[in-house]
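As stored in upload_11.csv (CSV, C-alpha atoms (C1' of nucleotides)):
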chain,number,residue,atom,x,y,z
A,13,MET,CA,-14.9,6.4,-52.9
A,14,ALA,CA,-16.5,6.0,-49.6
A,15,GLU,CA,-19.6,4.9,-51.5
A,16,THR,CA,-17.6,2.2,-53.3
A,17,THR,CA,-16.2,1.0,-50.0
A,18,GLU,CA,-19.5,0.9,-48.4
A,19,ALA,CA,-21.1,-0.8,-51.3
A,20,VAL,CA,-18.4,-3.5,-51.2
A,21,ARG,CA,-18.8,-3.9,-47.5
A,22,GLY,CA,-22.5,-4.0,-48.0
A,23,SER,CA,-22.4,-6.8,-50.5
A,24,ALA,CA,-20.0,-8.8,-48.4
A,25,VAL,CA,-22.4,-8.4,-45.4
A,26,ALA,CA,-25.3,-9.5,-47.6
A,27,GLU,CA,-23.4,-12.6,-48.7
A,28,ALA,CA,-22.5,-13.4,-45.1
A,29,VAL,CA,-26.1,-13.1,-44.0
A,30,ASP,CA,-27.2,-15.4,-46.8
A,31,ARG,CA,-24.6,-18.0,-45.8
A,32,ALA,CA,-25.8,-17.7,-42.3
A,33,GLU,CA,-29.3,-18.3,-43.3
A,34,ALA,CA,-28.3,-21.3,-45.4
A,35,ALA,CA,-26.4,-22.7,-42.4
A,36,CYS,CA,-29.4,-22.3,-40.1
A,37,VAL,CA,-31.8,-23.9,-42.6
A,38,ALA,CA,-29.4,-26.8,-42.8
A,39,ARG,CA,-29.4,-27.2,-39.0
A,40,GLY,CA,-33.1,-26.9,-38.8
A,41,VAL,CA,-33.2,-23.8,-36.7
A,42,GLN,CA,-35.2,-20.7,-37.5
A,43,PHE,CA,-33.5,-17.8,-39.1
A,44,THR,CA,-36.2,-15.2,-38.7
A,45,GLU,CA,-36.4,-11.7,-40.0
A,46,LEU,CA,-35.5,-10.2,-36.7
A,47,ARG,CA,-32.4,-12.4,-36.4
A,48,ARG,CA,-31.5,-11.5,-40.0
A,49,GLN,CA,-31.7,-7.8,-39.2
A,50,VAL,CA,-29.6,-8.1,-36.0
A,51,LEU,CA,-27.0,-10.1,-37.7
A,52,ARG,CA,-26.8,-7.6,-40.5
A,53,LEU,CA,-26.4,-4.7,-38.1
A,54,VAL,CA,-23.6,-6.5,-36.2
A,55,LEU,CA,-21.8,-7.3,-39.4
A,56,GLU,CA,-22.2,-3.8,-40.7
A,57,SER,CA,-20.4,-2.4,-37.7
A,58,PRO,CA,-16.7,-2.1,-38.4
A,59,GLN,CA,-16.0,-2.4,-34.7
A,60,PRO,CA,-17.6,-4.3,-31.8
A,61,ILE,CA,-20.9,-2.8,-31.1
A,62,GLY,CA,-22.9,-2.7,-27.8
A,63,ALA,CA,-26.3,-4.1,-27.3
A,64,TYR,CA,-27.9,-0.7,-26.9
A,65,ALA,CA,-26.2,0.8,-29.9
A,66,LEU,CA,-27.5,-2.2,-31.8
A,67,LEU,CA,-30.9,-1.6,-30.3
A,68,ASP,CA,-31.0,2.1,-31.5
A,69,ARG,CA,-30.2,1.0,-35.0
A,70,LEU,CA,-32.7,-1.8,-35.0
A,71,ARG,CA,-35.4,0.7,-34.0
A,72,ALA,CA,-35.1,2.3,-37.5
A,73,ASP,CA,-36.8,-0.9,-38.8
A,74,ARG,CA,-38.6,-1.9,-35.6
A,75,PRO,CA,-39.8,1.1,-33.5
A,76,GLY,CA,-41.1,-1.1,-30.7
A,77,ALA,CA,-37.8,-3.0,-30.1
A,78,ALA,CA,-36.8,-3.3,-26.5
A,79,PRO,CA,-33.7,-4.8,-24.7
A,80,PRO,CA,-35.1,-8.3,-24.6
A,81,THR,CA,-35.6,-8.1,-28.4
A,82,ILE,CA,-31.9,-7.5,-29.0
A,83,TYR,CA,-30.6,-9.9,-26.3
A,84,ARG,CA,-32.8,-12.8,-27.5
A,85,ALA,CA,-31.5,-12.3,-31.0
A,86,LEU,CA,-27.9,-12.1,-29.9
A,87,ASP,CA,-28.3,-15.2,-27.7
A,88,PHE,CA,-29.5,-17.1,-30.7
A,89,LEU,CA,-26.7,-15.8,-33.0
A,90,GLN,CA,-24.1,-16.7,-30.4
A,91,GLU,CA,-25.4,-20.2,-30.1
A,92,GLN,CA,-25.2,-20.6,-33.8
A,93,GLY,CA,-21.6,-19.3,-33.8
A,94,LEU,CA,-22.6,-16.3,-36.0
A,95,VAL,CA,-21.7,-13.7,-33.5
A,96,HIS,CA,-19.2,-13.5,-30.6
A,97,ARG,CA,-19.3,-11.5,-27.5
A,98,VAL,CA,-16.2,-9.5,-26.5
A,99,GLU,CA,-16.1,-9.7,-22.8
A,100,ARG,CA,-13.7,-6.8,-22.2
A,101,LEU,CA,-15.9,-4.5,-24.2
A,102,ASN,CA,-19.4,-5.8,-23.4
A,103,ALA,CA,-19.9,-5.7,-27.1
A,104,PHE,CA,-20.5,-8.0,-30.0
A,105,VAL,CA,-18.8,-8.8,-33.3
A,106,GLY,CA,-19.8,-10.9,-36.3
A,107,CYS,CA,-17.9,-14.1,-36.5
A,108,ALA,CA,-15.2,-14.2,-39.2
A,109,GLY,CA,-16.1,-17.0,-41.5
A,110,PRO,CA,-17.8,-19.5,-39.2
A,111,GLU,CA,-18.2,-22.0,-42.0
A,112,ALA,CA,-14.4,-22.2,-42.4
A,113,HIS,CA,-14.2,-23.5,-38.8
A,114,HIS,CA,-16.9,-26.1,-39.3
A,115,SER,CA,-15.0,-27.5,-42.2
A,116,CYS,CA,-11.9,-27.6,-40.0
A,117,GLY,CA,-13.8,-30.0,-37.7
A,118,HIS,CA,-14.9,-27.5,-35.0
A,119,GLY,CA,-18.5,-27.1,-33.9
A,120,HIS,CA,-20.4,-23.9,-33.7
A,121,ASP,CA,-18.4,-22.8,-30.8
A,122,HIS,CA,-15.0,-23.0,-32.5
A,123,PRO,CA,-11.9,-21.7,-30.7
A,124,HIS,CA,-11.1,-18.1,-31.3
A,125,GLN,CA,-9.1,-15.2,-29.9
A,126,PHE,CA,-9.5,-11.5,-30.0
A,127,LEU,CA,-6.9,-8.8,-30.6
A,128,ILE,CA,-8.3,-5.5,-29.3
A,129,CYS,CA,-6.6,-2.3,-30.2
A,130,GLY,CA,-6.7,0.0,-27.1
A,131,ARG,CA,-6.2,3.1,-29.3
A,132,CYS,CA,-8.5,2.7,-32.3
A,133,GLY,CA,-10.8,0.1,-31.0
A,134,ALA,CA,-10.3,-2.2,-33.9
A,135,THR,CA,-10.9,-5.8,-33.0
A,136,ALA,CA,-9.5,-8.8,-35.0
A,137,GLU,CA,-10.6,-12.3,-34.5
A,138,ILE,CA,-7.9,-15.0,-35.0
A,139,CYS,CA,-8.1,-18.7,-34.7
A,140,ASP,CA,-4.8,-20.1,-33.4
A,141,GLU,CA,-4.7,-23.8,-32.7
A,142,ARG,CA,-1.6,-23.6,-30.5
A,143,VAL,CA,-3.3,-21.2,-28.2
A,144,ALA,CA,-6.4,-23.3,-28.0
A,145,GLU,CA,-4.3,-26.4,-27.4
A,146,ALA,CA,-2.1,-24.8,-24.7
A,147,VAL,CA,-5.2,-23.5,-22.8
A,148,ALA,CA,-7.0,-26.8,-23.0
A,149,GLU,CA,-3.9,-28.6,-21.7
A,150,ALA,CA,-3.3,-26.2,-18.9
A,151,ALA,CA,-7.0,-26.7,-17.8
A,152,ARG,CA,-6.8,-30.5,-18.0
A,153,ALA,CA,-3.6,-30.4,-15.9
A,154,ALA,CA,-5.6,-28.8,-13.1
A,155,GLY,CA,-8.3,-31.5,-13.5
A,156,PHE,CA,-10.6,-29.1,-15.1
A,157,VAL,CA,-13.0,-30.0,-17.9
A,158,PRO,CA,-13.2,-27.0,-20.2
A,159,SER,CA,-16.2,-26.1,-22.2
A,160,ARG,CA,-15.9,-22.5,-23.4
A,161,THR,CA,-12.8,-20.4,-23.5
A,162,THR,CA,-12.3,-16.7,-23.7
A,163,VAL,CA,-9.0,-15.3,-24.9
A,164,GLU,CA,-8.8,-11.5,-25.4
A,165,VAL,CA,-5.6,-9.5,-25.9
A,166,GLU,CA,-5.5,-5.8,-25.5
A,167,GLY,CA,-2.7,-3.8,-27.1
A,168,LEU,CA,-1.9,-1.9,-30.3
A,169,CYS,CA,-2.9,-3.0,-33.8
A,170,VAL,CA,-0.4,-2.8,-36.6
A,171,ALA,CA,-1.6,0.6,-37.8
A,172,CYS,CA,-1.6,2.2,-34.3
A,173,ALA,CA,1.8,0.7,-33.4
A,174,ALA,CA,3.3,2.3,-36.5
A,175,ALA,CA,2.1,5.8,-35.4
A,176,PRO,CA,2.9,5.9,-31.7
A,177,ALA,CA,3.2,9.7,-31.3
A,178,CYS,CA,-0.3,10.8,-32.5
A,179,ALA,CA,-2.9,11.9,-30.0
B,15,MET,CA,-15.1,-26.9,12.7
B,16,ALA,CA,-16.5,-24.1,10.6
B,17,GLU,CA,-15.1,-21.7,13.2
B,18,THR,CA,-11.6,-23.2,12.8
B,19,THR,CA,-11.8,-23.0,9.0
B,20,GLU,CA,-12.9,-19.4,9.2
B,21,ALA,CA,-10.3,-18.6,11.7
B,22,VAL,CA,-7.6,-20.1,9.5
B,23,ARG,CA,-8.9,-18.3,6.4
B,24,GLY,CA,-9.1,-15.1,8.4
B,25,SER,CA,-5.5,-15.2,9.5
B,26,ALA,CA,-4.4,-16.1,6.0
B,27,VAL,CA,-6.3,-13.1,4.7
B,28,ALA,CA,-4.8,-10.9,7.4
B,29,GLU,CA,-1.3,-12.1,6.4
B,30,ALA,CA,-2.0,-11.4,2.7
B,31,VAL,CA,-3.2,-8.0,3.5
B,32,ASP,CA,-0.1,-7.3,5.5
B,33,ARG,CA,2.1,-8.5,2.6
B,34,ALA,CA,0.1,-6.3,0.3
B,35,GLU,CA,0.7,-3.3,2.5
B,36,ALA,CA,4.4,-4.0,2.7
B,37,ALA,CA,4.5,-4.2,-1.1
B,38,CYS,CA,2.7,-0.9,-1.6
B,39,VAL,CA,5.0,0.8,0.9
B,40,ALA,CA,8.0,-0.6,-1.0
B,41,ARG,CA,6.6,0.8,-4.2
B,42,GLY,CA,5.9,4.2,-2.7
B,43,VAL,CA,2.1,4.0,-3.3
B,44,GLN,CA,-0.5,4.7,-0.6
B,45,PHE,CA,-2.2,1.7,1.0
B,46,THR,CA,-5.0,3.5,2.7
B,47,GLU,CA,-7.6,2.2,5.1
B,48,LEU,CA,-10.2,2.1,2.5
B,49,ARG,CA,-8.0,0.1,0.2
B,50,ARG,CA,-7.1,-2.2,3.0
B,51,GLN,CA,-10.8,-2.8,3.8
B,52,VAL,CA,-11.7,-3.5,0.2
B,53,LEU,CA,-8.8,-5.9,-0.3
B,54,ARG,CA,-9.8,-7.7,2.8
B,55,LEU,CA,-13.3,-8.1,1.6
B,56,VAL,CA,-12.2,-9.4,-1.7
B,57,LEU,CA,-9.9,-11.9,-0.1
B,58,GLU,CA,-12.5,-13.0,2.3
B,59,SER,CA,-14.9,-14.0,-0.4
B,60,PRO,CA,-14.4,-17.7,-1.4
B,61,GLN,CA,-15.6,-16.9,-4.9
B,62,PRO,CA,-15.4,-14.0,-7.3
B,63,ILE,CA,-17.5,-11.1,-5.9
B,64,GLY,CA,-19.3,-8.4,-7.7
B,65,ALA,CA,-18.7,-4.7,-7.1
B,66,TYR,CA,-22.0,-4.1,-5.6
B,67,ALA,CA,-21.9,-7.1,-3.2
B,68,LEU,CA,-18.5,-5.7,-2.1
B,69,LEU,CA,-20.1,-2.3,-1.7
B,70,ASP,CA,-22.9,-3.8,0.6
B,71,ARG,CA,-20.3,-5.4,2.8
B,72,LEU,CA,-18.1,-2.3,2.8
B,73,ARG,CA,-21.1,-0.3,4.1
B,74,ALA,CA,-20.9,-2.1,7.4
B,75,ASP,CA,-17.7,-0.1,8.1
B,76,ARG,CA,-18.5,2.9,5.9
B,77,PRO,CA,-22.2,3.7,5.7
B,78,GLY,CA,-21.6,6.5,3.1
B,79,ALA,CA,-19.8,4.3,0.6
B,80,ALA,CA,-21.1,4.7,-3.0
B,81,PRO,CA,-20.2,3.0,-6.3
B,82,PRO,CA,-17.2,5.3,-7.0
B,83,THR,CA,-15.8,4.4,-3.6
B,84,ILE,CA,-15.5,0.7,-4.5
B,85,TYR,CA,-14.5,1.2,-8.1
B,86,ARG,CA,-11.7,3.5,-7.2
B,87,ALA,CA,-10.3,1.1,-4.7
B,88,LEU,CA,-10.7,-1.8,-7.1
B,89,ASP,CA,-8.9,0.1,-9.8
B,90,PHE,CA,-6.0,0.8,-7.5
B,91,LEU,CA,-5.8,-2.8,-6.3
B,92,GLN,CA,-5.9,-4.0,-9.9
B,93,GLU,CA,-3.1,-1.7,-10.9
B,94,GLN,CA,-1.0,-3.1,-8.0
B,95,GLY,CA,-1.8,-6.6,-9.1
B,96,LEU,CA,-3.5,-7.4,-5.8
B,97,VAL,CA,-6.9,-8.1,-7.4
B,98,HIS,CA,-8.0,-9.4,-10.8
B,99,ARG,CA,-11.2,-8.8,-12.6
B,100,VAL,CA,-13.0,-11.9,-14.0
B,101,GLU,CA,-14.5,-10.5,-17.2
B,102,ARG,CA,-17.0,-13.3,-17.8
B,103,LEU,CA,-18.5,-12.8,-14.3
B,104,ASN,CA,-18.1,-9.0,-13.9
B,105,ALA,CA,-16.5,-9.9,-10.6
B,106,PHE,CA,-13.3,-9.6,-8.7
B,107,VAL,CA,-10.9,-12.1,-7.1
B,108,GLY,CA,-7.9,-11.6,-4.9
B,109,CYS,CA,-4.7,-12.4,-6.7
B,110,ALA,CA,-3.1,-15.7,-5.6
B,111,GLY,CA,0.3,-14.9,-4.3
B,112,PRO,CA,1.3,-11.8,-6.4
B,113,GLU,CA,4.7,-11.7,-4.8
B,114,ALA,CA,5.6,-15.1,-6.2
B,115,HIS,CA,5.1,-13.8,-9.7
B,116,HIS,CA,7.3,-10.8,-9.0
B,117,SER,CA,10.1,-13.0,-8.0
B,118,CYS,CA,9.6,-14.9,-11.2
B,119,GLY,CA,10.4,-11.7,-13.1
B,120,HIS,CA,6.9,-10.6,-13.9
B,121,GLY,CA,5.6,-7.1,-13.2
B,122,HIS,CA,2.4,-6.3,-11.3
B,123,ASP,CA,0.4,-7.4,-14.3
B,124,HIS,CA,1.7,-11.0,-14.4
B,125,PRO,CA,0.2,-13.4,-16.8
B,126,HIS,CA,-2.6,-15.4,-15.4
B,127,GLN,CA,-5.6,-17.5,-16.4
B,128,PHE,CA,-8.9,-18.4,-14.8
B,129,LEU,CA,-10.7,-21.7,-14.6
B,130,ILE,CA,-14.3,-21.0,-13.8
B,131,CYS,CA,-16.6,-23.8,-12.8
B,132,GLY,CA,-20.0,-23.3,-14.4
B,133,ARG,CA,-21.8,-25.4,-11.8
B,134,CYS,CA,-20.4,-24.3,-8.4
B,135,GLY,CA,-18.9,-21.0,-9.4
B,136,ALA,CA,-15.5,-21.8,-8.0
B,137,THR,CA,-12.8,-19.9,-9.8
B,138,ALA,CA,-9.1,-20.9,-9.8
B,139,GLU,CA,-6.2,-18.8,-10.9
B,140,ILE,CA,-3.4,-20.5,-12.7
B,141,CYS,CA,-0.2,-19.1,-14.2
B,142,ASP,CA,0.8,-21.2,-17.2
B,143,GLU,CA,3.8,-19.9,-19.1
B,144,ARG,CA,3.1,-21.9,-22.2
B,145,VAL,CA,-0.4,-20.3,-22.6
B,146,ALA,CA,1.0,-16.9,-22.1
B,147,GLU,CA,3.7,-17.6,-24.6
B,148,ALA,CA,1.4,-19.0,-27.2
B,149,VAL,CA,-1.0,-16.1,-26.9
B,150,ALA,CA,1.9,-13.5,-27.2
B,151,GLU,CA,3.3,-15.3,-30.2
B,152,ALA,CA,-0.1,-15.5,-32.0
B,153,ALA,CA,-0.6,-11.8,-31.4
B,154,ARG,CA,2.9,-10.9,-32.7
B,155,ALA,CA,2.3,-13.0,-35.8
B,156,ALA,CA,-0.6,-10.6,-36.5
B,157,GLY,CA,1.6,-7.6,-36.1
B,158,PHE,CA,-0.1,-6.8,-32.8
B,159,VAL,CA,1.6,-5.4,-29.8
B,160,PRO,CA,0.0,-7.0,-26.7
B,161,SER,CA,-0.2,-5.3,-23.4
B,162,ARG,CA,-2.8,-7.0,-21.3
B,163,THR,CA,-4.3,-10.5,-21.8
B,164,THR,CA,-7.5,-12.1,-20.6
B,165,VAL,CA,-7.7,-15.9,-20.6
B,166,GLU,CA,-10.8,-17.4,-19.0
B,167,VAL,CA,-12.0,-21.0,-19.3
B,168,GLU,CA,-15.5,-22.0,-18.3
B,169,GLY,CA,-16.2,-25.7,-17.5
B,170,LEU,CA,-16.3,-28.1,-14.6
B,171,CYS,CA,-14.0,-28.1,-11.7
B,172,VAL,CA,-12.6,-31.4,-10.4
B,173,ALA,CA,-15.2,-31.8,-7.7
B,174,CYS,CA,-18.2,-31.0,-10.0
B,175,ALA,CA,-16.9,-33.2,-12.8
B,176,ALA,CA,-16.7,-36.1,-10.3
B,177,ALA,CA,-20.4,-35.7,-9.4
B,178,PRO,CA,-22.1,-35.2,-12.8
B,179,ALA,CA,-25.6,-36.4,-11.9
B,180,CYS,CA,-26.5,-34.1,-9.0
B,181,ALA,CA,-28.8,-31.2,-9.6
C,9,DC,C1',3.0,32.1,6.6
C,10,DG,C1',0.0,31.6,2.5
C,11,DC,C1',-0.3,29.6,-2.0
C,12,DT,C1',-0.6,25.9,-5.1
C,13,DG,C1',-0.9,21.3,-6.8
C,14,DC,C1',-2.2,16.7,-6.2
C,15,DG,C1',-4.1,12.5,-4.5
C,16,DG,C1',-7.8,10.4,-2.0
C,17,DC,C1',-12.3,10.4,-1.0
C,18,DG,C1',-17.5,11.9,-0.4
C,19,DT,C1',-21.6,12.9,-3.0
C,20,DT,C1',-24.9,13.2,-6.6
C,21,DA,C1',-26.4,12.0,-10.9
C,22,DC,C1',-26.6,9.4,-14.7
C,23,DA,C1',-25.2,6.0,-18.5
C,24,DG,C1',-24.9,1.5,-20.0
C,25,DT,C1',-25.8,-3.6,-19.5
C,26,DA,C1',-28.9,-7.4,-18.7
C,27,DT,C1',-32.8,-10.1,-17.1
C,28,DA,C1',-37.6,-11.4,-15.2
C,29,DT,C1',-42.2,-11.8,-16.3
C,30,DC,C1',-46.5,-11.7,-18.6
C,31,DG,C1',-49.1,-12.3,-22.6
C,32,DC,C1',-50.1,-12.7,-27.6
C,33,DC,C1',-49.7,-15.0,-31.9
C,34,DC,C1',-48.4,-18.5,-35.1
C,35,DC,C1',-47.7,-23.0,-36.3
C,36,DG,C1',-47.3,-28.0,-36.0
C,37,DC,C1',-49.4,-31.9,-34.2
C,38,DA,C1',-52.5,-35.2,-32.0
D,3,DT,C1',-60.6,-28.7,-32.0
D,4,DG,C1',-57.4,-28.5,-28.4
D,5,DC,C1',-52.6,-28.4,-26.9
D,6,DG,C1',-47.7,-27.2,-26.6
D,7,DG,C1',-43.7,-24.7,-27.9
D,8,DG,C1',-41.1,-21.1,-30.1
D,9,DG,C1',-40.7,-16.4,-31.3
D,10,DC,C1',-41.8,-12.0,-30.1
D,11,DG,C1',-44.0,-7.5,-28.0
D,12,DA,C1',-44.1,-5.0,-23.9
D,13,DT,C1',-43.2,-3.4,-19.1
D,14,DA,C1',-40.6,-3.3,-15.2
D,15,DT,C1',-36.6,-3.8,-12.7
D,16,DA,C1',-32.0,-5.2,-11.4
D,17,DC,C1',-27.2,-5.0,-12.1
D,18,DT,C1',-22.7,-2.7,-13.6
D,19,DG,C1',-20.0,1.3,-14.3
D,20,DT,C1',-18.6,6.3,-14.9
D,21,DA,C1',-18.8,11.6,-15.0
D,22,DA,C1',-18.4,15.6,-12.5
D,23,DC,C1',-18.1,18.5,-8.6
D,24,DG,C1',-16.1,19.7,-4.4
D,25,DC,C1',-13.8,19.0,0.1
D,26,DC,C1',-9.7,18.0,2.7
D,27,DG,C1',-5.1,16.9,4.0
D,28,DC,C1',-0.5,17.2,2.8
D,29,DA,C1',4.0,18.2,0.4
D,30,DG,C1',6.6,21.7,-1.9
D,31,DC,C1',7.9,26.4,-2.3
D,32,DG,C1',8.4,31.4,-2.4
Can you dump the structure from the file as structure tokens?
Amino acid sequence: MAETTEAVRGSAVAEAVDRAEAACVARGVQFTELRRQVLRLVLESPQPIGAYALLDRLRADRPGAAPPTIYRALDFLQEQGLVHRVERLNAFVGCAGPEAHHSCGHGHDHPHQFLICGRCGATAEICDERVAEAVAEAARAAGFVPSRTTVEVEGLCVACAAAPACA
Amino acid sequence: MAETTEAVRGSAVAEAVDRAEAACVARGVQFTELRRQVLRLVLESPQPIGAYALLDRLRADRPGAAPPTIYRALDFLQEQGLVHRVERLNAFVGCAGPEAHHSCGHGHDHPHQFLICGRCGATAEICDERVAEAVAEAARAAGFVPSRTTVEVEGLCVACAAAPACA
DNA sequence: CGCTGCGGCGTTACAGTATATCGCCCCGCA
DNA sequence: TGCGGGGCGATATACTGTAACGCCGCAGCG
């Protein structure tokens, strides 16, 4: 059962990595083996994962990996919109379907918001146009020219809200 | 001129500290000398200030201060809504007029948003109801029960946007 | 009075996050 | 062949944050 789940997840990850590679090729940027490995590790994590946890896992393949190794790869993946940073957690998540946002007219840095469960740690990415719009308008009203926006909500996910008594 | 400005700032800070103390007394929480000093230091900084920069300044008064000293004080001040953390900067700012938000019906953790200038580092706090509303609604639409929300916009402030050519 | 519990704080140690810098290699290009 | 840039290895270091222990003052209480 767990095997099936992991196999499914694994193939979904593999497909996402392949799509990412195709996108990078199309943009004329280098999708190297290191970047592929790091993206795979981020996508394989069911929750946001810290840079050093990522580094530990990367060392299974690359014993010599050091902090700059992982940070350089993460910087690249963020620039390409394949990975997002969750500021509240100092951690990283794979982007949910970046190509969908491109087809919606957004660039690599498409608007997004995070819903972070304070109990189980699950983090969902949503893409709400009204939120993005309201934030952009509030900024403009202050004479501010926005470039990148962070919206992160901490609270209880559906599952945890339904079971409030458990420790 | 600079003296006048600093004196004005200084007295404004002193008044804000006094208001904070009154609020804490009214709530039955302890506004100790350490907490007063840390709040003053945060308010005196024209920009968001890091925990360790704060610690350095605190040591002028308290040579023995260590990281836990500053973090405990900051935790308290955040709980009381007197200080906010800017996640993107790993830094802290004094809250702009917390009592105004209370009178508007918000608790100590009133909704707020930050506009962070990527060039000069100036950080403005705004309180836009439509943004807060849109975020809360988007979260609820996903079955999520929100508790605390972070909204941070990076971009160019009015002054820096008006002078785009300067290095 | 002594006991107990708790909050605030000092102190030490450590964990986790991030960047600077140097140098090598490969590859494309003149 | 020389040159330049990107990607990466490697070392060192800076920055941010927390765990754990213990002391002290103070309120409550038998």
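Distances from C:DG31, C:DG10, C:DG36, C:DG24 to DG19 in chain D were compared using only C-alpha atoms (C1' of nucleotides), and the smallest one belongs to C:DG24.
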Taking only C-alpha atoms (C1' of nucleotides) into account, which residues of chain D are within 10 Å of chain B, as a PyMOL selection string?
chain D and resi 17-20
Shell of 10 Å around range 17-21 of chain C, all atoms listed in the file, local chain residues under 6 positions omitted, as a ChimeraX atom specification:
/B:48,78-80,82-83,86 /D:21-26
re CA of Pro160 in chain B and CA of Leu168 in chain A: distance 6.5 Å
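Here C1' of DG16 in chain C and CA of Val39 in chain B stand 16.3 Å from one another.
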Select residues of chain A: the criterion is any atom within 6 Å of an atom of chain B, counting only C-alpha atoms; output as a short mmCIF file (atom, residue, chain, number, x, y, z; two decimals) with C-alpha atoms, keeping the file's coordinate frame.
data_model
loop_
_atom_site.label_atom_id
_atom_site.label_comp_id
_atom_site.auth_asym_id
_atom_site.auth_seq_id
_atom_site.Cartn_x
_atom_site.Cartn_y
_atom_site.Cartn_z
CA GLU A 99 -16.10 -9.70 -22.80
CA VAL A 143 -3.30 -21.20 -28.20
CA ALA A 146 -2.10 -24.80 -24.70
CA VAL A 147 -5.20 -23.50 -22.80
CA GLY A 155 -8.30 -31.50 -13.50
CA PHE A 156 -10.60 -29.10 -15.10
CA VAL A 157 -13.00 -30.00 -17.90
CA PRO A 158 -13.20 -27.00 -20.20
CA SER A 159 -16.20 -26.10 -22.20
CA ARG A 160 -15.90 -22.50 -23.40
CA THR A 161 -12.80 -20.40 -23.50
CA THR A 162 -12.30 -16.70 -23.70
CA VAL A 163 -9.00 -15.30 -24.90
CA GLU A 164 -8.80 -11.50 -25.40
CA VAL A 165 -5.60 -9.50 -25.90
CA GLU A 166 -5.50 -5.80 -25.50
CA GLY A 167 -2.70 -3.80 -27.10
CA LEU A 168 -1.90 -1.90 -30.30
CA CYS A 169 -2.90 -3.00 -33.80
CA VAL A 170 -0.40 -2.80 -36.60
#
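We find CA of Glu47 in chain B and CA of Val97 in chain B to be spaced 16.2 Å apart.
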Closest to Val27 in chain B among B:Leu68, B:Cys109, B:Leu91, B:Ala74, using only C-alpha atoms?
B:Cys109
Hey, could you pull the box centre and edge lengths for range 11-30 of chain C, axis-aligned, 6 Å padding per side, all listed atoms, to one decimal in Å, as JSON?
{"center_x": -23.4, "center_y": 8.9, "center_z": -10.2, "size_x": 58.2, "size_y": 53.4, "size_z": 31.6}
Starting from the point (-20.3, -3.4, -38.7), work out which residues of protein, DNA or RNA have an atom no more than 10 Å away when counting all atoms listed in the file; state them as a PyMOL selection string.
chain A and resi 21-22+25+51-61+104-106
Near chain A, meaning an atom within 12 Å, which residues of chain C appear when counting all atoms listed in the file? Write them as JSON, numbers by chain.
{"C": [23, 24, 25, 26, 27, 28, 29]}
Please produce a file of those selected residues containing C-alpha atoms (C1' of nucleotides), as a CSV table (one decimal), keeping the file's coordinate frame.
chain,number,residue,atom,x,y,z
C,23,DA,C1',-25.2,6.0,-18.5
C,24,DG,C1',-24.9,1.5,-20.0
C,25,DT,C1',-25.8,-3.6,-19.5
C,26,DA,C1',-28.9,-7.4,-18.7
C,27,DT,C1',-32.8,-10.1,-17.1
C,28,DA,C1',-37.6,-11.4,-15.2
C,29,DT,C1',-42.2,-11.8,-16.3
Would it be fine to have chain C, with C-alpha atoms (C1' of nucleotides), given as a PDB file, in the first residue's frame?
ATOM      1  C1'  DC C   9       7.318  31.212  59.115  1.00  0.00           C
ATOM      2  C1'  DG C  10       8.585  27.891  55.454  1.00  0.00           C
ATOM      3  C1'  DC C  11       7.054  25.783  51.321  1.00  0.00           C
ATOM      4  C1'  DT C  12       5.778  25.823  46.660  1.00  0.00           C
ATOM      5  C1'  DG C  13       4.900  27.415  42.064  1.00  0.00           C
ATOM      6  C1'  DC C  14       5.713  30.543  38.512  1.00  0.00           C
ATOM      7  C1'  DG C  15       7.569  34.194  35.691  1.00  0.00           C
ATOM      8  C1'  DG C  16      11.626  36.703  34.347  1.00  0.00           C
ATOM      9  C1'  DC C  17      16.172  36.522  33.521  1.00  0.00           C
ATOM     10  C1'  DG C  18      21.443  35.063  33.354  1.00  0.00           C
ATOM     11  C1'  DT C  19      24.411  31.718  31.334  1.00  0.00           C
ATOM     12  C1'  DT C  20      26.321  28.118  28.430  1.00  0.00           C
ATOM     13  C1'  DA C  21      26.076  25.449  24.675  1.00  0.00           C
ATOM     14  C1'  DC C  22      24.533  24.254  20.393  1.00  0.00           C
ATOM     15  C1'  DA C  23      21.556  23.837  16.120  1.00  0.00           C
ATOM     16  C1'  DG C  24      20.197  25.706  11.920  1.00  0.00           C
ATOM     17  C1'  DT C  25      20.539  29.140   8.062  1.00  0.00           C
ATOM     18  C1'  DA C  26      23.219  31.631   4.701  1.00  0.00           C
ATOM     19  C1'  DT C  27      27.115  33.825   2.292  1.00  0.00           C
ATOM     20  C1'  DA C  28      32.003  35.125   0.883  1.00  0.00           C
ATOM     21  C1'  DT C  29      35.885  33.630  -1.472  1.00  0.00           C
ATOM     22  C1'  DC C  30      39.085  31.045  -4.059  1.00  0.00           C
ATOM     23  C1'  DG C  31      40.057  27.932  -7.628  1.00  0.00           C
ATOM     24  C1'  DC C  32      39.158  24.362 -11.081  1.00  0.00           C
ATOM     25  C1'  DC C  33      36.990  22.670 -15.196  1.00  0.00           C
ATOM     26  C1'  DC C  34      34.332  22.806 -19.227  1.00  0.00           C
ATOM     27  C1'  DC C  35      32.642  24.924 -23.164  1.00  0.00           C
ATOM     28  C1'  DG C  36      31.721  28.376 -26.624  1.00  0.00           C
ATOM     29  C1'  DC C  37      33.854  31.790 -29.215  1.00  0.00           C
ATOM     30  C1'  DA C  38      37.108  34.941 -31.419  1.00  0.00           C
TER      31       DA C  38
END
